[in-house]
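What follows is a single structure, written as structure tokens, with notes after it.
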Number of protein chains: 2
Amino acid sequence: MSNHTHSAFCCPDHSGAQGAASILAQAEMRARTMGLRLTPVRLRTLEMLIAAHGAMGAYDVLEQLSAEGYGTQPPVAYRALNWLVEHGFAHRIRRLNAFTACAHPAQDHAAAFLICDRCDSVTEAPAGAVTAALTEAAIAAGFALDRATIEAVGRCNTCAGHPS
Amino acid sequence: MSNHTHSAFCCPDHSGAQGAASILAQAEMRARTMGLRLTPVRLRTLEMLIAAHGAMGAYDVLEQLSAEGYGTQPPVAYRALNWLVEHGFAHRIRRLNAFTACAHPAQDHAAAFLICDRCDSVTEAPAGAVTAALTEAAIAAGFALDRATIEAVGRCNTCAGHPS
DNA sequence: CCTTGACTGTTATGATATAACGTAAGATAG
DNA sequence: CTATCTTACGTTATATCATAACAGTCAAGG
Ligand SMILES: [Zn+2]
Ligand SMILES: [Zn+2]
Ligand SMILES: [Zn+2]
Ligand SMILES: [Zn+2]
């Protein structure tokens, strides 16, 4: 999974050391202010996700963690990843069975994900309006919405116009 | 998966023999007019999904198919299910790793799914407005949207107000 | 007839995810 | 400072979900 390489331009969110550092800084700040324990495994996992561009499968994460001396078994990766997702540092991309760093860990936000079907890049887009519309639809159906998964598939800016 | 039983009121879409028969009729009509081959395995699979209320996992489907004398191996179920999804007779619910019959197979439509986190019921809701908002967000990000997965998690009408 | 393509079935394997349990490190209370 | 409680980490083992690859069937069309 996510064994592709794509242009940095695919991922405005994570582009450049500066973007990555900024995301990481926001995340660490948030962990501190909220009293969340961003332990070494969790931190390394988050760093990996940020560096990855696009999404990483749990077993990709595990492989790296294992190579760095952490645990070698799936629960190690899944625990770190699930914790990051639960606390808003990462998102799960269900279509790809993968995970991606949150691009805006400082703020609470509803996110939609734009998944390129050519290069597998994943972009986090603000989804306030989308969520509002979904809430409407839910209310109309007598459904009390708690949270939602919104994943779009199509062509990213970079891949648009290419064949296949 | 989907080894629960829930009230018929959970599923307005599929409720009663009449709703189910109607969905099936619409589907058969559509298959005929579009020249799609709704073969026995596919038909049985669709009937099962319609009867199931909520979503069925591929292996649930396989078990039933197998019991009815069809193939006994996973590809049998996955092929039927994927075909139904590709041709608009069913939808895949990624959050549940499961499949559900389309409630409106007669028309092309963008759908959102309302998944109850208490009873696992799945309701198909019209998602025109949601998709419009998502398209907006995609355009703003320079992304050419092809299709989307929209899944909401919360409490269905029937389960609302219950504890746990 | 005989090819062609769509469909069904099989075996085998790959990929994703969690249950259950023991140990260690941190926080809290006495 | 220690006993205790809790959280986190690591392991083994297993469950669950999904596909690759190939063989047999059958109907349509030359
Ligand atoms: Zn985010
Ligand atoms: Zn792309
Ligand atoms: Zn539908
Ligand atoms: Zn419910």
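Each chain in the structure tokens gets a letter, A, B, ..., in the order shown, and its residues are numbered from 1; ligands are numbered from 1 in order too.
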Exercise. What are the DSSP alpha helix (DSSP H) residues of region 80-163 of chain B, as a list in words?
Worked result: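 Answer for region 80-163 of chain B restricted to alpha helix (DSSP H) is Ala80, Leu81, Asn82, Trp83, Leu84, Val85, Glu86, Gly128, Ala129, Val130, Thr131, Ala132, Ala133, Leu134, Thr135, Glu136, Ala137, Ala138, Ile139 and Ala140 of chain B.
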Exercise. Within 12 Å of chain D, which residues of chain B show up when using only C-alpha atoms (C1' of nucleotides), listed as a list of chain:residue names?
Worked result: B:Met1, B:Gly57, B:Ala58, B:Tyr59, B:Asp60, B:Gln73, B:Pro74, B:Pro75, B:Val76, B:Ala77, B:Tyr78, B:Arg79, B:Asn82, B:Arg94, B:Leu96, B:Asn97, B:Ala98
For this session: Find the residues near ligand 2. Use a cut-off of 8 Å, count only C-alpha atoms (C1' of nucleotides) and all ligand atoms, and write them as a ChimeraX atom specification.
Result: /A:6,10,115-121,155-160
For this session: Please report, as an NGL selection string, each residue of chain B to which DSSP assigns strand (DSSP E) when run on this structure's backbone.
Result: :B and (90-93 or 98-101 or 111-116 or 122-126 or 144-155)
Could you write those residues out with C-alpha atoms, as a PDB file, in the first residue's frame?
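Output file again10.pdb follows:
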ATOM      1  CA  ALA B  90     -26.141  -2.454  -4.518  1.00  0.00           C
ATOM      2  CA  HIS B  91     -23.789  -0.261  -2.562  1.00  0.00           C
ATOM      3  CA  ARG B  92     -20.678  -1.020  -0.638  1.00  0.00           C
ATOM      4  CA  ILE B  93     -20.562   0.212   2.928  1.00  0.00           C
ATOM      5  CA  ALA B  98     -20.331  -4.874   3.883  1.00  0.00           C
ATOM      6  CA  PHE B  99     -22.883  -4.454   1.131  1.00  0.00           C
ATOM      7  CA  THR B 100     -26.455  -3.285   0.994  1.00  0.00           C
ATOM      8  CA  ALA B 101     -29.135  -3.364  -1.679  1.00  0.00           C
ATOM      9  CA  ALA B 111     -26.367   8.299  -2.064  1.00  0.00           C
ATOM     10  CA  ALA B 112     -25.278   8.837   1.492  1.00  0.00           C
ATOM     11  CA  PHE B 113     -25.548   6.131   4.110  1.00  0.00           C
ATOM     12  CA  LEU B 114     -26.757   6.591   7.640  1.00  0.00           C
ATOM     13  CA  ILE B 115     -25.270   3.900   9.817  1.00  0.00           C
ATOM     14  CA  CYS B 116     -26.637   3.368  13.312  1.00  0.00           C
ATOM     15  CA  VAL B 122     -28.041   1.204   7.199  1.00  0.00           C
ATOM     16  CA  THR B 123     -30.341   3.707   5.553  1.00  0.00           C
ATOM     17  CA  GLU B 124     -29.761   5.095   2.109  1.00  0.00           C
ATOM     18  CA  ALA B 125     -30.418   8.823   1.990  1.00  0.00           C
ATOM     19  CA  PRO B 126     -30.538  11.096  -1.036  1.00  0.00           C
ATOM     20  CA  ALA B 144     -11.849  16.562 -10.558  1.00  0.00           C
ATOM     21  CA  LEU B 145     -14.392  14.558  -8.639  1.00  0.00           C
ATOM     22  CA  ASP B 146     -15.561  11.310 -10.127  1.00  0.00           C
ATOM     23  CA  ARG B 147     -17.509   9.628  -7.342  1.00  0.00           C
ATOM     24  CA  ALA B 148     -17.704   9.701  -3.586  1.00  0.00           C
ATOM     25  CA  THR B 149     -18.298   7.657  -0.493  1.00  0.00           C
ATOM     26  CA  ILE B 150     -20.449   9.380   2.106  1.00  0.00           C
ATOM     27  CA  GLU B 151     -21.156   7.493   5.294  1.00  0.00           C
ATOM     28  CA  ALA B 152     -22.628   9.002   8.421  1.00  0.00           C
ATOM     29  CA  VAL B 153     -22.473   7.336  11.801  1.00  0.00           C
ATOM     30  CA  GLY B 154     -24.963   8.074  14.562  1.00  0.00           C
ATOM     31  CA  ARG B 155     -28.274   6.968  15.994  1.00  0.00           C
TER      32      ARG B 155
END
Exercise. Counting only C-alpha atoms (C1' of nucleotides) and all ligand atoms, what residues are within 6 Å of ligand 3, given as a ChimeraX atom specification?
Worked result: /B:102-105,111
Writer output for current selection, N, CA and C atoms, as a PDB file, in the first residue's frame:
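Result file is selection.pdb:
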ATOM      1  N   CYS B 102     -29.372  -1.475  -3.126  1.00  0.00           N
ATOM      2  CA  CYS B 102     -29.744  -0.094  -3.419  1.00  0.00           C
ATOM      3  C   CYS B 102     -31.257   0.024  -3.269  1.00  0.00           C
ATOM      4  N   ALA B 103     -31.665   1.102  -2.623  1.00  0.00           N
ATOM      5  CA  ALA B 103     -33.092   1.280  -2.360  1.00  0.00           C
ATOM      6  C   ALA B 103     -33.818   1.878  -3.560  1.00  0.00           C
ATOM      7  N   HIS B 104     -33.075   2.405  -4.508  1.00  0.00           N
ATOM      8  CA  HIS B 104     -33.693   3.083  -5.648  1.00  0.00           C
ATOM      9  C   HIS B 104     -32.982   2.717  -6.938  1.00  0.00           C
ATOM     10  N   PRO B 105     -32.963   1.452  -7.265  1.00  0.00           N
ATOM     11  CA  PRO B 105     -32.170   1.004  -8.410  1.00  0.00           C
ATOM     12  C   PRO B 105     -32.689   1.540  -9.735  1.00  0.00           C
ATOM     13  N   ALA B 111     -25.777   8.732  -3.312  1.00  0.00           N
ATOM     14  CA  ALA B 111     -26.367   8.299  -2.064  1.00  0.00           C
ATOM     15  C   ALA B 111     -25.428   8.551  -0.892  1.00  0.00           C
TER      16      ALA B 111
END
Exercise. Out of A:Ala132, A:Ala138, A:Ala106, A:Leu62, which residue has the shortest atom-to-atom distance to Met34 (chain A) when counting only C-alpha atoms?
Worked result: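 The closest residue to Met34 (chain A) is A:Ala106.
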For this session: Give me the residues within 7 Å of region 26-28 of chain B as a list in words, counting only C-alpha atoms (C1' of nucleotides) and dropping any in the same chain fewer than 3 places off.
Result: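 Listing them by chain and then by number gives Ser22, Ile23, Ala31, Arg32, Phe89, Pro105 and Ala106 of chain B.
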